[in-house]
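Structure below is input.cif: mmCIF, C-alpha atoms.
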```
data_my_file
loop_
_atom_site.label_atom_id
_atom_site.label_comp_id
_atom_site.auth_asym_id
_atom_site.auth_seq_id
_atom_site.Cartn_x
_atom_site.Cartn_y
_atom_site.Cartn_z
CA MET H 187 1.84 26.87 -20.46
CA ASN H 188 2.75 23.89 -22.66
CA ILE H 189 3.26 20.74 -20.60
CA ARG H 190 4.43 17.31 -21.77
CA SER H 191 1.56 14.85 -21.27
CA PHE H 192 1.82 11.08 -21.11
CA GLU H 193 -1.41 10.75 -23.13
CA ASN H 194 0.31 10.03 -26.43
CA ILE H 195 3.26 7.90 -25.34
CA ASP H 196 3.43 4.12 -25.51
CA VAL H 197 4.06 2.76 -22.02
CA ARG H 198 3.35 -0.92 -22.67
CA GLY H 199 6.03 -3.05 -21.07
CA LYS H 200 7.87 0.01 -19.76
CA PHE H 201 8.83 0.66 -16.16
CA VAL H 202 7.10 3.87 -15.05
CA LEU H 203 8.06 5.82 -11.95
CA LEU H 204 4.88 7.67 -10.95
CA ARG H 205 5.00 10.51 -8.42
CA ASP H 206 1.74 10.74 -6.47
CA ASP H 207 0.85 12.65 -3.32
CA PHE H 208 -0.53 10.31 -0.68
CA ASN H 209 0.08 12.65 2.26
CA VAL H 210 -3.35 11.81 3.62
CA GLN H 211 -4.88 11.67 7.09
CA ILE H 212 -4.03 8.39 8.86
CA ILE H 213 -5.26 7.72 12.40
CA ASP H 214 -4.37 4.48 14.20
CA GLY H 215 -3.13 3.03 10.92
CA LYS H 216 -6.41 3.72 9.10
CA ILE H 217 -7.02 6.09 6.19
CA LYS H 218 -9.48 8.80 7.30
CA ASP H 219 -9.39 11.00 4.21
CA SER H 220 -8.73 9.25 0.90
CA PHE H 221 -9.31 12.28 -1.35
CA ARG H 222 -5.78 12.51 -2.72
CA ILE H 223 -5.66 8.76 -3.35
CA THR H 224 -9.02 8.83 -5.13
CA GLN H 225 -7.95 11.77 -7.31
CA SER H 226 -4.77 9.92 -8.30
CA MET H 227 -6.56 6.77 -9.46
CA PRO H 228 -7.42 7.79 -13.07
CA THR H 229 -3.74 8.05 -14.04
CA ILE H 230 -2.86 4.85 -12.15
CA ARG H 231 -5.65 2.91 -13.87
CA LYS H 232 -4.78 4.28 -17.30
CA LEU H 233 -1.14 3.33 -16.94
CA SER H 234 -2.03 -0.13 -15.69
CA GLU H 235 -4.59 -0.71 -18.45
CA SER H 236 -2.00 0.46 -20.99
CA GLY H 237 0.38 -2.29 -19.88
CA ALA H 238 2.90 -0.22 -17.93
CA LYS H 239 4.80 -1.58 -14.96
CA VAL H 240 4.12 1.13 -12.39
CA ALA H 241 6.02 1.96 -9.21
CA ILE H 242 4.42 4.79 -7.23
CA VAL H 243 6.77 7.07 -5.32
CA ALA H 244 5.20 9.22 -2.62
CA HIS H 245 5.74 10.68 0.84
CA PHE H 246 3.92 10.96 4.14
CA GLY H 247 4.62 13.56 6.80
CA ARG H 248 8.02 15.04 7.57
CA PRO H 249 10.44 12.29 8.65
CA ASN H 250 13.38 14.61 7.86
CA GLY H 251 15.49 11.97 6.18
CA VAL H 252 15.03 9.43 8.97
CA ARG H 253 13.33 6.03 8.66
CA ASP H 254 10.35 6.72 10.93
CA MET H 255 7.97 3.75 10.70
CA GLY H 256 5.20 5.86 12.18
CA LEU H 257 5.26 7.62 8.80
CA SER H 258 5.34 4.49 6.67
CA LEU H 259 3.20 4.24 3.53
CA ALA H 260 2.34 0.61 4.34
CA PRO H 261 -1.24 1.48 5.44
CA ILE H 262 -1.81 3.20 2.09
CA ALA H 263 -0.62 0.16 0.13
CA GLU H 264 -2.98 -1.96 2.23
CA TYR H 265 -5.83 0.47 1.54
CA MET H 266 -5.10 0.41 -2.20
CA LYS H 267 -4.63 -3.38 -2.17
CA ILE H 268 -1.32 -3.23 -4.03
CA PRO H 269 2.12 -4.68 -3.18
CA PHE H 270 4.30 -2.60 -0.87
CA ILE H 271 8.07 -2.19 -1.39
CA PRO H 272 9.73 -1.42 1.99
CA ASP H 273 12.57 0.66 0.47
CA CYS H 274 12.03 3.20 -2.31
CA LEU H 275 15.53 2.47 -3.68
CA ASP H 276 14.99 -1.30 -3.85
CA LYS H 277 14.96 -2.61 -7.43
CA ASP H 278 14.64 -6.36 -6.82
CA PHE H 279 10.85 -6.29 -7.24
CA MET H 280 11.18 -5.08 -10.84
CA GLN H 281 12.30 -8.45 -12.19
CA ASP H 282 8.99 -10.02 -11.15
CA MET H 283 6.68 -7.28 -12.48
CA LYS H 284 4.28 -8.02 -15.32
CA ASN H 285 2.59 -5.58 -17.65
CA GLY H 286 -0.17 -3.75 -15.76
CA ASP H 287 1.31 -4.34 -12.30
CA VAL H 288 1.31 -1.49 -9.78
CA VAL H 289 3.35 -1.28 -6.57
CA LEU H 290 3.86 1.40 -3.92
CA LEU H 291 7.35 2.34 -2.74
CA GLU H 292 8.11 3.26 0.86
CA ASN H 293 8.17 6.92 1.94
CA VAL H 294 10.71 8.71 -0.27
CA ARG H 295 11.37 11.24 2.51
CA PHE H 296 13.02 8.53 4.59
CA TYR H 297 16.10 9.62 2.61
CA SER H 298 17.53 13.13 3.12
CA GLY H 299 18.49 13.22 -0.57
CA GLU H 300 14.82 13.62 -1.48
CA GLU H 301 14.24 17.08 -0.03
CA GLU H 302 17.81 18.12 -0.84
CA ASP H 303 17.20 17.24 -4.52
CA CYS H 304 20.50 15.34 -4.39
CA PRO H 305 21.63 14.28 -7.92
CA LYS H 306 23.07 10.99 -6.63
CA PHE H 307 19.82 10.14 -4.86
CA SER H 308 17.80 11.14 -7.94
CA ALA H 309 19.95 8.79 -10.05
CA LYS H 310 19.39 5.90 -7.62
CA LEU H 311 15.64 6.57 -7.55
CA ALA H 312 15.40 6.75 -11.36
CA ASN H 313 17.64 3.73 -11.99
CA GLY H 314 15.86 0.96 -13.89
CA PHE H 315 12.89 3.06 -14.99
CA ASP H 316 12.07 4.08 -18.54
CA VAL H 317 9.64 6.95 -17.89
CA PHE H 318 8.77 9.39 -15.12
CA ILE H 319 5.27 10.79 -14.65
CA ASN H 320 4.43 13.51 -12.15
CA ASP H 321 0.82 13.46 -10.99
CA ALA H 322 1.44 15.15 -7.64
CA PHE H 323 0.33 18.76 -7.97
CA ALA H 324 0.34 19.16 -4.19
CA VAL H 325 4.15 18.79 -4.01
CA SER H 326 5.03 20.37 -7.35
CA HIS H 327 5.98 23.59 -5.57
CA ARG H 328 8.89 21.65 -4.04
CA ALA H 329 12.17 21.19 -5.93
CA HIS H 330 12.78 17.68 -4.63
CA ALA H 331 14.44 14.65 -6.18
CA SER H 332 11.10 12.97 -6.90
CA THR H 333 9.58 16.08 -8.51
CA VAL H 334 12.55 17.72 -10.27
CA GLY H 335 15.71 15.63 -9.91
CA VAL H 336 14.45 12.58 -11.81
CA THR H 337 13.21 14.77 -14.71
CA LYS H 338 16.87 15.43 -15.55
CA ILE H 339 17.42 11.70 -16.00
CA LEU H 340 14.22 10.19 -17.41
CA PRO H 341 11.78 11.21 -20.18
CA SER H 342 9.20 13.02 -18.04
CA TYR H 343 5.50 13.82 -18.41
CA ALA H 344 2.47 15.12 -16.51
CA GLY H 345 -0.32 12.82 -15.34
CA GLU H 346 -4.05 13.48 -15.67
CA LEU H 347 -4.48 14.96 -12.20
CA LEU H 348 -1.60 17.40 -12.61
CA LEU H 349 -2.93 18.53 -15.99
CA SER H 350 -6.44 18.92 -14.55
CA GLU H 351 -5.17 21.10 -11.68
CA ILE H 352 -3.27 23.35 -14.09
CA LYS H 353 -6.29 23.66 -16.41
CA GLN H 354 -8.84 24.39 -13.69
CA LEU H 355 -6.77 26.89 -11.74
CA THR H 356 -5.57 28.68 -14.88
CA LYS H 357 -9.21 29.09 -15.94
CA ILE H 358 -10.05 30.76 -12.63
CA ILE H 359 -7.06 33.07 -12.77
CA GLU H 360 -7.49 34.08 -16.41
CA ASN H 361 -11.26 34.12 -16.91
CA PRO H 362 -13.34 33.87 -13.72
CA LYS H 363 -17.07 34.49 -13.57
CA ARG H 364 -17.53 37.75 -11.71
CA PRO H 365 -17.96 38.98 -9.09
CA LEU H 366 -15.12 36.83 -7.73
CA LEU H 367 -14.75 36.35 -3.98
CA SER H 368 -11.56 34.96 -2.46
CA ILE H 369 -11.54 33.65 1.11
CA VAL H 370 -8.20 33.21 2.85
CA ALA H 371 -8.14 31.94 6.42
CA GLY H 372 -5.72 29.82 8.39
CA GLY H 373 -2.70 30.77 10.44
CA LYS H 374 -0.15 33.32 9.30
CA VAL H 375 -0.13 36.52 7.28
CA SER H 376 3.65 36.21 6.99
CA THR H 377 3.40 33.10 4.79
CA LYS H 378 0.66 34.53 2.57
CA ILE H 379 1.67 38.11 1.81
CA GLY H 380 2.24 37.35 -1.87
CA VAL H 381 -0.97 35.41 -2.38
CA LEU H 382 -3.05 38.02 -0.52
CA LYS H 383 -1.73 40.74 -2.82
CA SER H 384 -2.29 38.56 -5.89
CA LEU H 385 -5.84 37.83 -4.80
CA ALA H 386 -6.46 41.51 -4.09
CA LYS H 387 -5.59 42.20 -7.73
CA LEU H 388 -7.60 39.23 -9.04
CA SER H 389 -10.70 39.43 -6.84
CA ASP H 390 -13.66 41.76 -6.54
CA LYS H 391 -14.02 40.89 -2.85
CA LEU H 392 -11.58 39.36 -0.37
CA ILE H 393 -12.39 37.89 3.05
CA VAL H 394 -9.53 37.34 5.51
CA ASP H 395 -10.33 35.33 8.61
CA GLY H 396 -8.99 32.70 10.97
CA ALA H 397 -5.78 33.76 12.71
CA ILE H 398 -4.95 35.81 9.62
CA GLY H 399 -8.16 37.76 10.15
CA THR H 400 -7.23 38.20 13.81
CA THR H 401 -3.96 39.82 12.76
CA PHE H 402 -5.85 42.14 10.40
CA ALA H 403 -8.30 43.02 13.20
CA PHE H 404 -5.36 43.81 15.50
CA ALA H 405 -3.82 46.00 12.80
CA ASN H 406 -7.15 47.81 12.57
CA GLY H 407 -7.03 48.65 16.27
CA ALA H 408 -8.92 45.77 17.90
CA ASN H 409 -7.95 44.02 21.13
CA VAL H 410 -7.49 40.35 20.24
CA GLY H 411 -6.79 39.06 23.74
CA ASN H 412 -4.51 36.10 24.36
CA SER H 413 -4.96 34.74 20.85
CA LEU H 414 -2.91 33.44 17.94
CA TYR H 415 -1.89 36.39 15.77
CA GLU H 416 1.22 38.14 14.42
CA PRO H 417 1.72 41.57 16.02
CA ASN H 418 4.82 42.16 13.89
CA MET H 419 2.64 41.92 10.78
CA LYS H 420 0.56 44.99 11.67
CA ASP H 421 2.15 47.26 9.05
CA THR H 422 1.98 44.49 6.44
CA ALA H 423 -1.72 43.93 7.10
CA LEU H 424 -2.40 47.66 6.78
CA GLU H 425 -0.37 47.71 3.56
CA ILE H 426 -2.44 44.84 2.12
CA MET H 427 -5.68 46.61 3.07
CA GLU H 428 -4.50 49.72 1.23
CA PHE H 429 -3.32 47.62 -1.72
CA ALA H 430 -6.76 46.03 -1.98
CA LYS H 431 -8.40 49.45 -1.93
CA GLN H 432 -6.13 50.68 -4.71
CA ASN H 433 -7.10 47.66 -6.80
CA ASP H 434 -10.86 48.16 -6.27
CA CYS H 435 -11.11 45.00 -4.17
CA GLU H 436 -13.37 45.12 -1.11
CA LEU H 437 -11.48 43.55 1.78
CA PHE H 438 -13.48 42.23 4.75
CA ILE H 439 -12.05 41.50 8.19
CA PRO H 440 -13.85 39.91 11.18
CA ILE H 441 -16.33 41.98 13.18
CA ASP H 442 -16.79 39.46 16.00
CA LYS H 443 -15.17 36.27 17.25
CA GLY H 444 -15.93 33.11 19.19
CA VAL H 445 -13.77 33.15 22.31
CA GLY H 446 -13.04 31.01 25.36
CA LYS H 447 -10.95 31.38 28.48
CA VAL H 448 -8.80 28.27 27.87
CA PHE H 449 -7.46 26.85 24.62
CA SER H 450 -9.51 23.66 24.65
CA LYS H 451 -12.27 22.06 22.63
CA ASP H 452 -14.22 21.80 25.88
CA ALA H 453 -13.99 25.52 26.65
CA ASP H 454 -17.25 27.45 26.96
CA ARG H 455 -17.82 29.53 23.84
CA VAL H 456 -18.90 33.17 23.98
CA ASN H 457 -19.40 35.32 20.88
CA LYS H 458 -18.04 38.81 21.31
CA PRO H 459 -17.76 41.88 19.11
CA LEU H 460 -14.09 42.81 18.67
CA SER H 461 -14.67 45.86 20.90
CA GLU H 462 -15.59 43.62 23.86
CA ILE H 463 -12.74 41.10 23.72
CA GLN H 464 -10.78 41.00 27.00
CA ASP H 465 -7.07 40.45 27.54
CA ASP H 466 -7.64 36.89 28.78
CA ASP H 467 -9.98 35.88 25.94
CA ILE H 468 -8.68 33.31 23.45
CA ILE H 469 -10.10 33.50 19.93
CA MET H 470 -10.85 30.04 18.55
CA ASP H 471 -13.38 30.71 15.80
CA SER H 472 -14.93 33.45 13.74
CA GLY H 473 -18.06 35.00 15.18
CA ILE H 474 -21.76 34.57 14.40
CA GLU H 475 -22.23 38.07 12.97
CA THR H 476 -19.08 37.80 10.86
CA THR H 477 -20.32 34.48 9.51
CA LYS H 478 -23.73 35.94 8.65
CA ARG H 479 -22.05 38.79 6.81
CA ASN H 480 -19.70 36.42 4.99
CA ILE H 481 -22.61 34.27 3.82
CA GLU H 482 -24.35 37.38 2.47
CA ILE H 483 -21.19 38.12 0.49
CA ILE H 484 -21.07 34.54 -0.81
CA ASN H 485 -24.68 34.84 -1.97
CA SER H 486 -23.81 37.98 -3.94
CA VAL H 487 -20.98 36.59 -6.10
CA LYS H 488 -20.53 34.14 -8.98
CA THR H 489 -17.17 32.56 -8.08
CA VAL H 490 -15.61 31.67 -4.72
CA LEU H 491 -11.98 30.69 -4.20
CA TRP H 492 -11.41 29.35 -0.66
CA ASN H 493 -8.35 28.25 1.29
CA GLY H 494 -8.09 27.79 5.05
CA THR H 495 -10.48 27.08 7.91
CA PHE H 496 -11.85 29.86 10.13
CA GLY H 497 -11.19 28.36 13.53
CA MET H 498 -10.52 25.07 15.29
CA ALA H 499 -12.77 23.16 12.89
CA GLU H 500 -11.04 19.86 13.68
CA TRP H 501 -12.32 19.97 17.26
CA ASN H 502 -16.11 19.98 17.05
CA ASP H 503 -19.17 21.87 15.86
CA LYS H 504 -18.76 24.40 18.66
CA TRP H 505 -15.42 25.69 17.35
CA GLY H 506 -15.99 24.66 13.75
CA TYR H 507 -19.18 26.72 13.50
CA ALA H 508 -17.91 29.39 11.09
CA SER H 509 -16.09 26.92 8.83
CA PHE H 510 -19.07 24.56 8.61
CA GLU H 511 -21.57 27.35 7.94
CA ILE H 512 -19.40 28.89 5.23
CA ALA H 513 -18.86 25.48 3.61
CA ARG H 514 -22.60 24.74 3.62
CA ALA H 515 -23.40 28.16 2.16
CA ILE H 516 -20.90 27.68 -0.66
CA ALA H 517 -22.22 24.18 -1.35
CA LYS H 518 -25.83 25.40 -1.38
CA GLN H 519 -25.12 28.15 -3.91
CA THR H 520 -23.07 25.77 -6.05
CA ARG H 521 -25.85 23.15 -6.06
CA ALA H 522 -28.31 25.83 -7.14
CA GLY H 523 -26.13 26.69 -10.12
CA GLU H 524 -25.51 30.19 -8.78
CA LEU H 525 -21.84 29.76 -7.98
CA GLU H 526 -18.57 28.24 -9.18
CA SER H 527 -16.58 27.13 -6.15
CA ILE H 528 -12.90 26.23 -5.95
CA VAL H 529 -11.46 24.93 -2.68
CA GLY H 530 -7.87 24.04 -1.81
CA GLY H 531 -5.85 23.12 1.26
CA GLY H 532 -5.74 19.91 3.28
CA ASP H 533 -7.64 21.18 6.35
CA THR H 534 -10.32 22.79 4.20
CA VAL H 535 -10.82 19.68 2.10
CA ALA H 536 -10.96 17.52 5.25
CA LEU H 537 -13.73 19.80 6.50
CA LEU H 538 -15.74 19.23 3.30
CA GLU H 539 -15.25 15.50 3.78
CA LYS H 540 -16.38 15.68 7.41
CA ILE H 541 -19.73 17.25 6.54
CA ASP H 542 -20.09 15.27 3.31
CA ILE H 543 -20.42 18.10 0.78
CA LYS H 544 -17.39 17.48 -1.45
CA ASP H 545 -19.64 16.53 -4.36
CA ASP H 546 -21.32 19.94 -4.16
CA ILE H 547 -18.12 21.88 -4.84
CA THR H 548 -17.23 22.75 -8.44
CA TYR H 549 -13.53 21.94 -8.10
CA ILE H 550 -11.41 20.73 -5.19
CA SER H 551 -7.65 21.07 -5.52
CA THR H 552 -5.36 18.47 -3.99
CA GLY H 553 -2.87 21.24 -3.26
CA GLY H 554 -2.43 23.50 -0.26
CA GLY H 555 0.84 25.40 -0.61
CA ALA H 556 0.99 24.55 -4.31
CA PHE H 557 -2.58 25.79 -4.74
CA LEU H 558 -1.70 29.16 -3.22
CA GLU H 559 1.62 29.52 -5.03
CA PHE H 560 0.02 28.73 -8.39
CA ILE H 561 -2.66 31.36 -7.77
CA GLU H 562 0.06 33.81 -6.73
CA GLY H 563 1.59 33.30 -10.16
CA LEU H 564 4.80 31.71 -8.95
CA SER H 565 6.62 29.15 -11.07
CA LEU H 566 6.23 25.69 -9.52
CA PRO H 567 9.49 23.71 -10.01
CA GLY H 568 7.77 20.35 -10.53
CA ILE H 569 5.61 21.82 -13.29
CA LYS H 570 8.36 23.92 -14.86
CA ALA H 571 10.45 20.76 -15.24
CA LEU H 572 7.73 19.34 -17.54
CA GLU H 573 7.32 22.39 -19.76
CA ILE H 574 8.10 22.09 -23.45
CA ALA H 575 10.85 24.57 -24.29
#
```
Could you render the structure as structure tokens?
Amino acid sequence: MNIRSFENIDVRGKFVLLRDDFNVQIIDGKIKDSFRITQSMPTIRKLSESGAKVAIVAHFGRPNGVRDMGLSLAPIAEYMKIPFIPDCLDKDFMQDMKNGDVVLLENVRFYSGEEEDCPKFSAKLANGFDVFINDAFAVSHRAHASTVGVTKILPSYAGELLLSEIKQLTKIIENPKRPLLSIVAGGKVSTKIGVLKSLAKLSDKLIVDGAIGTTFAFANGANVGNSLYEPNMKDTALEIMEFAKQNDCELFIPIDKGVGKVFSKDADRVNKPLSEIQDDDIIMDSGIETTKRNIEIINSVKTVLWNGTFGMAEWNDKWGYASFEIARAIAKQTRAGELESIVGGGDTVALLEKIDIKDDITYISTGGGAFLEFIEGLSLPGIKALEIA
């Protein structure tokens, strides 16, 4: 993959439209997880130090083309201590910019033309700029105006973060240290059929857990109670299990679960083997024995690729038990030099932040959907638009 990089272009005095992903966790107007902002800073600093006039275009949440001030990027501009432009199509600020200045534009998804990749909107967004740089790997799987549309108008390049993501993930796909374990948890089998099959071909071992694991357990004949799962995905789950077997990949499903009688963080937790789960039980975490087994698997491999939490990790330690224990086990092996660890997905990264072990992971991707689609081998529109023909 040959991508145009901004490394060798002269940006001094030029107006640069920079696409970043600042879709971070904001609670009561305060930034709670700054990972994506922090990862974007090297490109921002380099452009500023090179004398560019930088306007960052980004999004937050899903306003669906409506100006929803609850999804404003103003708190992020305040956090970054840079000027905020209340309309991403406003150009008046440009006349006052000096070399090295950086501003943040308001949420680009306040306009429906963004997600529609509308040519007229792309032209308005690009108007007045000399160069476009995409440094937002996490949205590069979306063919939007700010990832693809503007590349048809402006000379376009990849930023440092985007190039780093491509390099690191390509390395894992093409030449991983083996044995390679992939862990896929989270919600739905239906959204991850392709990536599960790709990982079954790539990996030596594959753990499926979370609600995905619950669906696999159901397909394997277990009673999963009144829990989140996809009964219509039974045949697909069985097909993936057979596909893994054919590709010499050991696939592991849960053997027990943490259950409660009500879907609440305050519910009493009971660990039950799958054979003992009752119709009124609600699965909210992976079980203790499953977690012990999964840690043994982690300790037996050289590379771990992980996406998705195992249960309701955002609630508390009670229901985040499996996720926290797996994260700590991966971090411990990585610190000891026994493991290369690659983690992606917003909820998973937030978990690492919560227990303060991000620095112990080999590589953390800013992408969730983009992370999975890249691993699946799909062409990401925002990256394809930057490829050298």
Quiz prompt | Residue contacts of region 503-520 of chain H (8 Å, all atoms listed in the file) excluding same-chain residues fewer than 5 positions away, as a ChimeraX atom specification | solution = /H:444,451,455,470-474,477,480-481,484-485,490,495-498,525-527,537-538,541,543,546-548
Exercise. Find the spatial neighbours of region 428-434 of chain H, counting all atoms listed in the file, within a cut-off of 12 Å - ignore same-chain residues fewer than 5 positions away - and output them as a count of residues only.
Key: 21
Quiz prompt | For region 196-210 of chain H: contacts at 8 Å, only C-alpha atoms, fewer than 5 positions along chain excluded, given as a ChimeraX atom specification | solution = /H:217-223,226,233,236-247,262,284-285,312,314-325,332-333
Prev. selection, C-alpha atoms, output as a compact mmCIF listing (two decimals), in the frame of the given file:
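Everything below was put into result18.txt:
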```txt
# COMPACT_ATOMS: atom_id res chain seq x y z
CA ILE H 217 -7.02 6.09 6.19
CA LYS H 218 -9.48 8.80 7.30
CA ASP H 219 -9.39 11.00 4.21
CA SER H 220 -8.73 9.25 0.90
CA PHE H 221 -9.31 12.28 -1.35
CA ARG H 222 -5.78 12.51 -2.72
CA ILE H 223 -5.66 8.76 -3.35
CA SER H 226 -4.77 9.92 -8.30
CA LEU H 233 -1.14 3.33 -16.94
CA SER H 236 -2.00 0.46 -20.99
CA GLY H 237 0.38 -2.29 -19.88
CA ALA H 238 2.90 -0.22 -17.93
CA LYS H 239 4.80 -1.58 -14.96
CA VAL H 240 4.12 1.13 -12.39
CA ALA H 241 6.02 1.96 -9.21
CA ILE H 242 4.42 4.79 -7.23
CA VAL H 243 6.77 7.07 -5.32
CA ALA H 244 5.20 9.22 -2.62
CA HIS H 245 5.74 10.68 0.84
CA PHE H 246 3.92 10.96 4.14
CA GLY H 247 4.62 13.56 6.80
CA ILE H 262 -1.81 3.20 2.09
CA LYS H 284 4.28 -8.02 -15.32
CA ASN H 285 2.59 -5.58 -17.65
CA ALA H 312 15.40 6.75 -11.36
CA GLY H 314 15.86 0.96 -13.89
CA PHE H 315 12.89 3.06 -14.99
CA ASP H 316 12.07 4.08 -18.54
CA VAL H 317 9.64 6.95 -17.89
CA PHE H 318 8.77 9.39 -15.12
CA ILE H 319 5.27 10.79 -14.65
CA ASN H 320 4.43 13.51 -12.15
CA ASP H 321 0.82 13.46 -10.99
CA ALA H 322 1.44 15.15 -7.64
CA PHE H 323 0.33 18.76 -7.97
CA ALA H 324 0.34 19.16 -4.19
CA VAL H 325 4.15 18.79 -4.01
CA SER H 332 11.10 12.97 -6.90
CA THR H 333 9.58 16.08 -8.51
```
Quiz prompt | Atom-to-atom span, CA of Met255 (chain H) and CA of Arg328 (chain H), Å | solution =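 Taking CA of Met255 (chain H) and CA of Arg328 (chain H), their separation equals 23.2 Å.
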Quiz item: Could you write out as number ranges by chain the residues that the PyMOL selection byres ((chain H and resi 331) around 10) matches in the shown file?
Solution: H: 294-295, 298-309, 311-312, 328-330, 332-338, 568
Since the input is missing atoms, can you rebuild N, CA and C atoms for region 454-471 of chain H and write them as a PDB file, in the coordinates of the input?
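Result file result-v3.pdb:
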```
ATOM      1  N   ASP H 454     -15.961  26.803  27.223  1.00  0.00           N
ATOM      2  CA  ASP H 454     -17.250  27.450  26.960  1.00  0.00           C
ATOM      3  C   ASP H 454     -17.047  28.535  25.901  1.00  0.00           C
ATOM      4  N   ARG H 455     -17.927  28.546  24.917  1.00  0.00           N
ATOM      5  CA  ARG H 455     -17.820  29.530  23.840  1.00  0.00           C
ATOM      6  C   ARG H 455     -18.721  30.733  24.121  1.00  0.00           C
ATOM      7  N   VAL H 456     -18.140  31.923  23.916  1.00  0.00           N
ATOM      8  CA  VAL H 456     -18.900  33.170  23.980  1.00  0.00           C
ATOM      9  C   VAL H 456     -18.579  33.953  22.708  1.00  0.00           C
ATOM     10  N   ASN H 457     -19.612  34.485  22.058  1.00  0.00           N
ATOM     11  CA  ASN H 457     -19.400  35.320  20.880  1.00  0.00           C
ATOM     12  C   ASN H 457     -19.323  36.778  21.309  1.00  0.00           C
ATOM     13  N   LYS H 458     -18.248  37.426  20.903  1.00  0.00           N
ATOM     14  CA  LYS H 458     -18.040  38.810  21.310  1.00  0.00           C
ATOM     15  C   LYS H 458     -17.679  39.695  20.124  1.00  0.00           C
ATOM     16  N   PRO H 459     -18.262  40.902  20.076  1.00  0.00           N
ATOM     17  CA  PRO H 459     -17.760  41.880  19.110  1.00  0.00           C
ATOM     18  C   PRO H 459     -16.286  42.163  19.432  1.00  0.00           C
ATOM     19  N   LEU H 460     -15.503  42.553  18.425  1.00  0.00           N
ATOM     20  CA  LEU H 460     -14.090  42.810  18.670  1.00  0.00           C
ATOM     21  C   LEU H 460     -13.885  43.837  19.777  1.00  0.00           C
ATOM     22  N   SER H 461     -14.805  44.795  19.902  1.00  0.00           N
ATOM     23  CA  SER H 461     -14.670  45.860  20.900  1.00  0.00           C
ATOM     24  C   SER H 461     -14.810  45.351  22.331  1.00  0.00           C
ATOM     25  N   GLU H 462     -15.354  44.129  22.504  1.00  0.00           N
ATOM     26  CA  GLU H 462     -15.590  43.620  23.860  1.00  0.00           C
ATOM     27  C   GLU H 462     -14.620  42.508  24.260  1.00  0.00           C
ATOM     28  N   ILE H 463     -13.691  42.168  23.393  1.00  0.00           N
ATOM     29  CA  ILE H 463     -12.740  41.100  23.720  1.00  0.00           C
ATOM     30  C   ILE H 463     -11.787  41.558  24.816  1.00  0.00           C
ATOM     31  N   GLN H 464     -11.631  40.697  25.844  1.00  0.00           N
ATOM     32  CA  GLN H 464     -10.780  41.000  27.000  1.00  0.00           C
ATOM     33  C   GLN H 464      -9.387  40.418  26.818  1.00  0.00           C
ATOM     34  N   ASP H 465      -8.471  40.873  27.646  1.00  0.00           N
ATOM     35  CA  ASP H 465      -7.070  40.450  27.540  1.00  0.00           C
ATOM     36  C   ASP H 465      -6.897  38.948  27.731  1.00  0.00           C
ATOM     37  N   ASP H 466      -7.780  38.323  28.523  1.00  0.00           N
ATOM     38  CA  ASP H 466      -7.640  36.890  28.780  1.00  0.00           C
ATOM     39  C   ASP H 466      -8.524  36.032  27.874  1.00  0.00           C
ATOM     40  N   ASP H 467      -9.182  36.641  26.901  1.00  0.00           N
ATOM     41  CA  ASP H 467      -9.980  35.880  25.940  1.00  0.00           C
ATOM     42  C   ASP H 467      -9.074  35.233  24.886  1.00  0.00           C
ATOM     43  N   ILE H 468      -9.425  34.009  24.497  1.00  0.00           N
ATOM     44  CA  ILE H 468      -8.680  33.310  23.450  1.00  0.00           C
ATOM     45  C   ILE H 468      -9.618  33.087  22.268  1.00  0.00           C
ATOM     46  N   ILE H 469      -9.280  33.656  21.135  1.00  0.00           N
ATOM     47  CA  ILE H 469     -10.100  33.500  19.930  1.00  0.00           C
ATOM     48  C   ILE H 469      -9.871  32.115  19.339  1.00  0.00           C
ATOM     49  N   MET H 470     -10.980  31.377  19.119  1.00  0.00           N
ATOM     50  CA  MET H 470     -10.850  30.040  18.550  1.00  0.00           C
ATOM     51  C   MET H 470     -11.763  29.806  17.354  1.00  0.00           C
ATOM     52  N   ASP H 471     -12.529  30.826  16.983  1.00  0.00           N
ATOM     53  CA  ASP H 471     -13.380  30.710  15.800  1.00  0.00           C
ATOM     54  C   ASP H 471     -13.834  32.102  15.388  1.00  0.00           C
TER      55      ASP H 471
END
```
